[in-house]
Amino acid sequence: MTYGVALYKQRCGACHNTPSRSLDEAPLLAGSTFAQKWLSRPAVLFQKIRYSMPQDNPGTLSDEEATALVAALASGSISGKAPAK
C-alpha cells in the first residue's frame, strides 16, 4: 500500500488534490461518488489509470504502478478514510 500512496503523491496528487482545478478536469479520488463509479469496478479503474493517466502523459504508468494505485485507492489509504461501500 505504501508504494501506491507514494506513487499517488508523486504522479496524481498534483492534479487530483489541487482545489483550484475543476472537478471535471481532475475529480477527487475519494468519497461515495468515486466509490460507486470506480471502486465497484476495479478492472475498469485499472484500465483508466493505466492507459489514460496521468492526463499530461497518458499511458506512462506500468501495470505494477496502476495496480498499486488501484489498491491504495480501494483501501482508503489516499483519502485517509475507508471507501464507501
# chains A, B, ... in the order shown; residues from 1 in each chain; ligands from 1

call {"tool": "residues_around", "arguments": {"residues": "A:Ile49", "least_positions_apart": "2", "cutoff": "12 Å", "atoms": "only C-alpha atoms", "output": "ChimeraX atom specification"}}
result
/A:8,11-12,29,38,42-47,51-55,57-71,73

call {"tool": "write_last_selection", "arguments": {"atoms": "N, CA, C and O atoms", "output": "tab-separated table (two decimals), in the first residue's frame"}}
result
chain	number	residue	atom	x	y	z
A	8	TYR	N	0.90	7.86	-5.79
A	8	TYR	CA	-0.20	8.83	-5.92
A	8	TYR	C	0.31	10.24	-5.65
A	8	TYR	O	0.03	11.17	-6.42
A	11	ARG	N	2.64	11.16	-8.72
A	11	ARG	CA	2.14	11.21	-10.09
A	11	ARG	C	0.70	11.72	-10.23
A	11	ARG	O	0.31	12.08	-11.34
A	12	CYS	N	-0.08	11.70	-9.15
A	12	CYS	CA	-1.51	12.01	-9.28
A	12	CYS	C	-1.95	13.22	-8.46
A	12	CYS	O	-2.84	13.97	-8.86
A	29	LEU	N	-10.53	11.64	-5.90
A	29	LEU	CA	-10.47	10.18	-5.99
A	29	LEU	C	-10.84	9.56	-4.65
A	29	LEU	O	-10.14	8.68	-4.14
A	38	TRP	N	-16.15	3.81	-9.55
A	38	TRP	CA	-14.88	3.16	-9.87
A	38	TRP	C	-14.51	1.98	-8.99
A	38	TRP	O	-14.02	0.97	-9.48
A	42	PRO	N	-12.98	-2.49	-10.21
A	42	PRO	CA	-11.54	-2.27	-10.16
A	42	PRO	C	-10.81	-2.54	-11.47
A	42	PRO	O	-9.81	-1.87	-11.76
A	43	ALA	N	-11.27	-3.47	-12.28
A	43	ALA	CA	-10.62	-3.73	-13.56
A	43	ALA	C	-10.76	-2.54	-14.50
A	43	ALA	O	-9.83	-2.19	-15.24
A	44	VAL	N	-11.92	-1.90	-14.45
A	44	VAL	CA	-12.15	-0.71	-15.28
A	44	VAL	C	-11.30	0.45	-14.77
A	44	VAL	O	-10.70	1.19	-15.56
A	45	LEU	N	-11.21	0.59	-13.46
A	45	LEU	CA	-10.37	1.63	-12.86
A	45	LEU	C	-8.91	1.41	-13.25
A	45	LEU	O	-8.20	2.35	-13.62
A	46	PHE	N	-8.46	0.16	-13.20
A	46	PHE	CA	-7.09	-0.16	-13.61
A	46	PHE	C	-6.86	0.30	-15.05
A	46	PHE	O	-5.85	0.96	-15.34
A	47	GLN	N	-7.76	-0.03	-15.95
A	47	GLN	CA	-7.60	0.36	-17.37
A	47	GLN	C	-7.55	1.88	-17.52
A	47	GLN	O	-6.74	2.41	-18.29
A	51	TYR	N	-3.99	3.43	-18.88
A	51	TYR	CA	-3.90	3.89	-20.26
A	51	TYR	C	-4.26	5.35	-20.49
A	51	TYR	O	-3.95	5.88	-21.57
A	52	SER	N	-4.86	6.03	-19.53
A	52	SER	CA	-5.20	7.44	-19.78
A	52	SER	C	-4.67	8.40	-18.72
A	52	SER	O	-4.97	9.58	-18.77
A	53	MET	N	-3.88	7.90	-17.80
A	53	MET	CA	-3.29	8.75	-16.78
A	53	MET	C	-1.78	8.60	-16.78
A	53	MET	O	-1.28	7.56	-17.22
A	54	PRO	N	-1.06	9.57	-16.30
A	54	PRO	CA	-1.54	10.91	-15.94
A	54	PRO	C	-1.99	11.66	-17.19
A	54	PRO	O	-1.53	11.39	-18.30
A	55	GLN	N	-2.89	12.57	-16.99
A	55	GLN	CA	-3.52	13.26	-18.11
A	55	GLN	C	-2.50	13.96	-19.01
A	55	GLN	O	-2.69	14.02	-20.22
A	57	ASN	N	0.50	12.92	-19.60
A	57	ASN	CA	1.43	11.96	-20.19
A	57	ASN	C	0.80	10.55	-20.13
A	57	ASN	O	1.33	9.65	-19.48
A	58	PRO	N	-0.35	10.37	-20.79
A	58	PRO	CA	-1.10	9.13	-20.65
A	58	PRO	C	-0.33	7.89	-21.12
A	58	PRO	O	0.48	7.96	-22.03
A	59	GLY	N	-0.62	6.79	-20.43
A	59	GLY	CA	-0.02	5.52	-20.81
A	59	GLY	C	1.38	5.29	-20.30
A	59	GLY	O	2.00	4.29	-20.67
A	60	THR	N	1.88	6.18	-19.47
A	60	THR	CA	3.26	6.04	-19.00
A	60	THR	C	3.37	5.26	-17.69
A	60	THR	O	4.48	4.94	-17.28
A	61	LEU	N	2.25	4.96	-17.06
A	61	LEU	CA	2.30	4.15	-15.84
A	61	LEU	C	2.37	2.68	-16.23
A	61	LEU	O	1.72	2.24	-17.18
A	62	SER	N	3.14	1.92	-15.50
A	62	SER	CA	3.26	0.49	-15.76
A	62	SER	C	2.06	-0.25	-15.17
A	62	SER	O	1.29	0.31	-14.38
A	63	ASP	N	1.93	-1.53	-15.51
A	63	ASP	CA	0.89	-2.35	-14.91
A	63	ASP	C	1.05	-2.38	-13.39
A	63	ASP	O	0.06	-2.29	-12.65
A	64	GLU	N	2.29	-2.52	-12.93
A	64	GLU	CA	2.56	-2.56	-11.49
A	64	GLU	C	2.13	-1.26	-10.81
A	64	GLU	O	1.53	-1.28	-9.74
A	65	GLU	N	2.43	-0.14	-11.44
A	65	GLU	CA	2.06	1.16	-10.86
A	65	GLU	C	0.54	1.33	-10.83
A	65	GLU	O	-0.01	1.77	-9.81
A	66	ALA	N	-0.13	0.98	-11.91
A	66	ALA	CA	-1.59	1.10	-11.95
A	66	ALA	C	-2.23	0.19	-10.91
A	66	ALA	O	-3.18	0.59	-10.23
A	67	THR	N	-1.71	-1.01	-10.75
A	67	THR	CA	-2.22	-1.95	-9.74
A	67	THR	C	-2.04	-1.39	-8.34
A	67	THR	O	-2.94	-1.46	-7.50
A	68	ALA	N	-0.88	-0.81	-8.07
A	68	ALA	CA	-0.60	-0.22	-6.76
A	68	ALA	C	-1.53	0.96	-6.48
A	68	ALA	O	-2.00	1.13	-5.35
A	69	LEU	N	-1.81	1.75	-7.48
A	69	LEU	CA	-2.72	2.88	-7.31
A	69	LEU	C	-4.15	2.41	-7.04
A	69	LEU	O	-4.82	2.94	-6.15
A	70	VAL	N	-4.61	1.40	-7.76
A	70	VAL	CA	-5.95	0.86	-7.53
A	70	VAL	C	-6.05	0.32	-6.10
A	70	VAL	O	-7.02	0.58	-5.39
A	71	ALA	N	-5.03	-0.41	-5.67
A	71	ALA	CA	-5.04	-0.97	-4.31
A	71	ALA	C	-5.07	0.13	-3.25
A	71	ALA	O	-5.82	0.04	-2.27
A	73	LEU	N	-6.18	3.24	-3.62
A	73	LEU	CA	-7.48	3.91	-3.69
A	73	LEU	C	-8.56	3.05	-3.02
A	73	LEU	O	-9.39	3.55	-2.26

call {"tool": "select_by_dssp", "arguments": {"residues": "chain A", "states": "alpha helix (DSSP H)", "output": "PyMOL selection string"}}
result
chain A and resi 2-11+13-16+31-34+42-52+63-75

call {"tool": "atom_distance", "arguments": {"atom1": "atom CA of A:Ala74", "atom2": "atom CA of A:Ala26"}}
result
18.1 Å

call {"tool": "closest_residue", "arguments": {"among": "A:Arg41, A:Asp56, A:His16, A:Met1", "to": "A:Leu28", "atoms": "only C-alpha atoms"}}
result
A:His16

call {"tool": "atom_distance", "arguments": {"atom1": "atom CA of A:Thr33", "atom2": "atom CA of A:Asn17"}}
result
16.2 Å
